[in-house]
>>> print(open('target-v7.cif').read())   # mmCIF, C-alpha atoms
data_data
#
loop_
_atom_site.group_PDB
_atom_site.id
_atom_site.type_symbol
_atom_site.label_atom_id
_atom_site.label_comp_id
_atom_site.auth_asym_id
_atom_site.auth_seq_id
_atom_site.Cartn_x
_atom_site.Cartn_y
_atom_site.Cartn_z
ATOM 1 C CA MET A 1 81.080 91.527 96.887
ATOM 2 C CA PRO A 2 84.475 90.355 98.249
ATOM 3 C CA VAL A 3 88.008 91.401 97.351
ATOM 4 C CA ILE A 4 90.751 89.051 98.539
ATOM 5 C CA PHE A 5 94.296 90.331 98.895
ATOM 6 C CA ASP A 6 97.635 88.523 99.011
ATOM 7 C CA MET A 7 100.212 89.934 101.425
ATOM 8 C CA ASP A 8 103.819 89.755 100.167
ATOM 9 C CA GLY A 9 104.236 91.845 97.057
ATOM 10 C CA VAL A 10 100.637 93.094 97.179
ATOM 11 C CA ILE A 11 99.828 94.654 100.561
ATOM 12 C CA ILE A 12 103.492 95.128 101.438
ATOM 13 C CA ASP A 13 106.577 95.550 99.319
ATOM 14 C CA SER A 14 108.563 92.819 101.086
ATOM 15 C CA GLU A 15 110.334 91.068 98.229
ATOM 16 C CA SER A 16 113.578 93.077 98.425
ATOM 17 C CA LEU A 17 113.792 92.563 102.195
ATOM 18 C CA TRP A 18 113.253 88.831 101.800
ATOM 19 C CA GLY A 19 116.174 88.768 99.389
ATOM 20 C CA ARG A 20 118.415 90.587 101.833
ATOM 21 C CA PHE A 21 117.629 88.460 104.908
ATOM 22 C CA GLU A 22 116.591 85.044 103.559
ATOM 23 C CA ALA A 23 119.667 84.148 101.495
ATOM 24 C CA PRO A 24 122.223 84.536 104.338
ATOM 25 C CA MET A 25 119.956 82.667 106.780
ATOM 26 C CA LEU A 26 119.456 79.761 104.347
ATOM 27 C CA GLU A 27 123.152 79.635 103.534
ATOM 28 C CA ARG A 28 123.942 79.389 107.255
ATOM 29 C CA LEU A 29 121.396 76.597 107.782
ATOM 30 C CA LEU A 30 121.657 74.657 104.516
ATOM 31 C CA GLY A 31 125.087 75.410 103.141
ATOM 32 C CA LYS A 32 125.816 77.532 100.095
ATOM 33 C CA ASP A 33 125.026 74.951 97.386
ATOM 34 C CA ILE A 34 121.601 73.956 98.698
ATOM 35 C CA ALA A 35 120.701 77.516 99.702
ATOM 36 C CA GLN A 36 121.292 78.687 96.130
ATOM 37 C CA GLN A 37 118.790 76.093 94.914
ATOM 38 C CA VAL A 38 115.991 77.287 97.213
ATOM 39 C CA THR A 39 116.643 81.037 97.614
ATOM 40 C CA GLY A 40 114.701 83.752 95.861
ATOM 41 C CA ILE A 41 111.643 81.794 94.783
ATOM 42 C CA PRO A 42 108.685 84.081 95.574
ATOM 43 C CA GLY A 43 105.587 82.386 96.924
ATOM 44 C CA LEU A 44 107.318 79.118 97.759
ATOM 45 C CA GLY A 45 106.539 79.346 101.474
ATOM 46 C CA ILE A 46 108.381 77.604 104.292
ATOM 47 C CA GLY A 47 106.954 74.198 103.351
ATOM 48 C CA GLY A 48 108.106 74.603 99.767
ATOM 49 C CA VAL A 49 111.594 75.671 100.854
ATOM 50 C CA TYR A 50 111.740 72.670 103.177
ATOM 51 C CA GLU A 51 110.692 70.240 100.431
ATOM 52 C CA ARG A 52 113.203 71.684 97.955
ATOM 53 C CA ALA A 53 115.987 71.626 100.544
ATOM 54 C CA LYS A 54 115.273 67.976 101.368
ATOM 55 C CA ALA A 55 115.178 67.077 97.665
ATOM 56 C CA ALA A 56 118.553 68.799 97.248
ATOM 57 C CA GLY A 57 120.060 66.654 99.999
ATOM 58 C CA SER A 58 119.656 68.729 103.165
ATOM 59 C CA ASN A 59 119.212 66.971 106.494
ATOM 60 C CA ILE A 60 117.622 69.983 108.167
ATOM 61 C CA SER A 61 114.459 69.385 110.169
ATOM 62 C CA LYS A 62 111.380 71.454 109.469
ATOM 63 C CA VAL A 63 111.570 72.768 113.049
ATOM 64 C CA GLU A 64 115.101 74.080 112.423
ATOM 65 C CA LEU A 65 114.068 75.691 109.162
ATOM 66 C CA VAL A 66 111.022 77.348 110.732
ATOM 67 C CA ALA A 67 113.267 78.679 113.527
ATOM 68 C CA GLY A 68 115.540 80.199 110.892
ATOM 69 C CA PHE A 69 112.620 81.985 109.277
ATOM 70 C CA GLU A 70 111.333 83.030 112.705
ATOM 71 C CA SER A 71 114.667 84.753 113.330
ATOM 72 C CA ILE A 72 114.325 87.022 110.283
ATOM 73 C CA PHE A 73 110.601 87.719 109.976
ATOM 74 C CA PRO A 74 110.548 90.724 112.353
ATOM 75 C CA ASN A 75 113.129 92.489 110.181
ATOM 76 C CA ILE A 76 110.938 91.983 107.153
ATOM 77 C CA TYR A 77 107.380 92.512 108.329
ATOM 78 C CA THR A 78 108.007 95.510 110.565
ATOM 79 C CA ASN A 79 110.167 97.295 107.973
ATOM 80 C CA ALA A 80 108.609 96.462 104.611
ATOM 81 C CA PRO A 81 106.687 99.455 103.317
ATOM 82 C CA ILE A 82 102.985 99.262 102.620
ATOM 83 C CA SER A 83 102.661 99.056 98.834
ATOM 84 C CA ASP A 84 101.838 102.276 97.022
ATOM 85 C CA GLY A 85 98.101 102.798 96.701
ATOM 86 C CA VAL A 86 96.999 100.045 99.116
ATOM 87 C CA GLU A 87 95.665 102.444 101.750
ATOM 88 C CA ARG A 88 93.680 104.377 99.146
ATOM 89 C CA LEU A 89 92.437 101.156 97.540
ATOM 90 C CA GLY A 90 91.314 99.765 100.905
ATOM 91 C CA ALA A 91 89.427 102.948 101.756
ATOM 92 C CA THR A 92 87.796 103.035 98.318
ATOM 93 C CA LEU A 93 86.710 99.388 98.487
ATOM 94 C CA ILE A 94 85.271 99.768 101.979
ATOM 95 C CA GLY A 95 83.503 102.973 100.954
ATOM 96 C CA ARG A 96 81.863 101.119 98.098
ATOM 97 C CA GLY A 97 80.676 98.272 100.318
ATOM 98 C CA TYR A 98 83.184 95.574 99.390
ATOM 99 C CA ARG A 99 84.100 92.947 101.949
ATOM 100 C CA LEU A 100 87.818 92.290 102.375
ATOM 101 C CA GLY A 101 89.839 89.135 102.826
ATOM 102 C CA LEU A 102 93.491 88.175 102.939
ATOM 103 C CA VAL A 103 94.996 84.839 101.864
ATOM 104 C CA THR A 104 98.710 84.217 102.299
ATOM 105 C CA GLN A 105 101.118 81.341 102.853
ATOM 106 C CA THR A 106 102.682 83.373 105.655
ATOM 107 C CA PRO A 107 102.268 82.210 109.287
ATOM 108 C CA ARG A 108 99.596 84.123 111.202
ATOM 109 C CA LYS A 109 101.982 85.675 113.694
ATOM 110 C CA TRP A 110 103.811 87.236 110.731
ATOM 111 C CA ILE A 111 100.555 88.538 109.262
ATOM 112 C CA ASP A 112 99.413 90.473 112.330
ATOM 113 C CA PRO A 113 102.291 93.028 112.349
ATOM 114 C CA VAL A 114 101.506 93.865 108.729
ATOM 115 C CA VAL A 115 97.725 94.057 109.015
ATOM 116 C CA SER A 116 97.985 96.184 112.178
ATOM 117 C CA ARG A 117 99.806 98.858 110.142
ATOM 118 C CA LEU A 118 96.886 99.267 107.709
ATOM 119 C CA SER A 119 94.359 102.021 108.334
ATOM 120 C CA PHE A 120 91.612 99.550 107.376
ATOM 121 C CA ASN A 121 92.941 96.681 109.529
ATOM 122 C CA ARG A 122 89.621 96.059 111.269
ATOM 123 C CA SER A 123 87.804 95.683 107.969
ATOM 124 C CA PHE A 124 89.021 92.207 107.035
ATOM 125 C CA ASP A 125 86.237 89.650 107.239
ATOM 126 C CA ALA A 126 88.645 86.758 106.688
ATOM 127 C CA ILE A 127 92.377 86.292 107.104
ATOM 128 C CA ILE A 128 93.636 82.887 105.998
ATOM 129 C CA SER A 129 97.157 81.675 106.726
ATOM 130 C CA LEU A 130 97.701 78.662 104.491
ATOM 131 C CA HIS A 131 100.768 77.858 106.600
ATOM 132 C CA GLU A 132 98.427 77.040 109.468
ATOM 133 C CA HIS A 133 95.842 75.145 107.424
ATOM 134 C CA PRO A 134 97.476 71.951 106.121
ATOM 135 C CA GLU A 135 94.063 70.793 104.909
ATOM 136 C CA LEU A 136 94.133 73.603 102.324
ATOM 137 C CA ARG A 137 96.344 73.286 99.259
ATOM 138 C CA LEU A 138 98.875 76.051 98.711
ATOM 139 C CA LYS A 139 98.495 78.713 96.037
ATOM 140 C CA PRO A 140 97.910 78.719 93.181
ATOM 141 C CA ALA A 141 95.269 76.166 94.234
ATOM 142 C CA PRO A 142 92.015 77.986 95.057
ATOM 143 C CA ASP A 143 91.496 76.380 98.504
ATOM 144 C CA GLY A 144 92.481 79.453 100.579
ATOM 145 C CA TYR A 145 90.357 81.762 98.457
ATOM 146 C CA ILE A 146 87.360 79.437 98.711
ATOM 147 C CA GLU A 147 87.780 79.318 102.492
ATOM 148 C CA ALA A 148 87.974 83.119 102.649
ATOM 149 C CA LEU A 149 84.787 83.377 100.582
ATOM 150 C CA LYS A 150 83.027 81.010 102.976
ATOM 151 C CA GLN A 151 84.011 83.206 105.900
#
>>> encode(input="target-v7.cif", output="structure tokens")
Amino acid sequence: MPVIFDMDGVIIDSESLWGRFEAPMLERLLGKDIAQQVTGIPGLGIGGVYERAKAAGSNISKVELVAGFESIFPNIYTNAPISDGVERLGATLIGRGYRLGLVTQTPRKWIDPVVSRLSFNRSFDAIISLHEHPELRLKPAPDGYIEALKQ
């Protein structure tokens, strides 16, 4: 039987760090008015931020926006604490024969520093980055979870 995790806010407690680093970066790139319209929306993902910024009148390219996020992700994913109980939960699930997966909107190169910190990091049968699979609809659509189940 599989158990599929999300990353931000589930495996790691990253939400407060996102708030601290994302808002200033978006304000620098988008200007204060547009940044306030797209900041602090958990689960939106880079694509969602880009779409909202464009709808609010920004002329930023997706490449520029991705570069902005790339500049802050190490501060978040190397410093965010593993959520309380995740290590114990992982060990318990593995001990009971569950298969593990991870589905997140986060880019893969941001996932690896987090997963590598888990004691059960080699136990994931599937890790799906929706950011890198444009053929899969973003959460809450079930596409990523279905793909993880297939794997």
>>> resolve_selection(input="target-v7.cif", expression="the PyMOL selection byres ((chain A and resi 97-103) around 10)", output="MDAnalysis selection string")
chainID A and resid 1:7 11 90:96 104:106 111 115 120:130 139 143:149 151
>>> resolve_selection(input="target-v7.cif", expression="the PyMOL selection byres ((chain A and resi 110) around 9)", output="number ranges by chain")
A: 70, 73-74, 77, 106-109, 111-114
>>> resolve_selection(input="target-v7.cif", expression="the PyMOL selection byres ((chain A and resi 18) around 12)", output="PyMOL selection string")
chain A and resi 8-9+12-17+19-26+39-43+45+69+72-77+79-80
>>> residues_around(input="target-v7.cif", residues="Ile34 of chain A", least_positions_apart="5", cutoff="9 Å", atoms="all atoms listed in the file", output="list in words")
Leu26, Glu27, Thr39, Arg52, Ala53, Ala56, Gly57 and Ser58 of chain A
>>> atom_distance(input="target-v7.cif", atom1="atom CA of Leu118 of chain A", atom2="atom CA of Ser71 of chain A")
23.6 Å
>>> atom_distance(input="target-v7.cif", atom1="atom CA of Ser83 of chain A", atom2="atom CA of His131 of chain A")
22.7 Å
>>> closest_residue(input="target-v7.cif", among="A:Pro81, A:Leu29, A:Leu138, A:Val86", to="Ala67 of chain A", atoms="only C-alpha atoms")
A:Leu29
>>> closest_residue(input="target-v7.cif", among="A:Glu87, A:Gln37, A:Thr78, A:Leu30", to="Glu64 of chain A", atoms="all atoms listed in the file")
A:Leu30
>>> atom_distance(input="target-v7.cif", atom1="atom CA of Lys54 of chain A", atom2="atom CA of Lys32 of chain A")
14.3 Å
>>> axis_aligned_box(input="target-v7.cif", around="segment 47-56 of chain A", padding_each_side="3 Å", output="JSON")
{"center_x": 112.8, "center_y": 71.4, "center_z": 100.3, "size_x": 17.6, "size_y": 14.6, "size_z": 12.1}
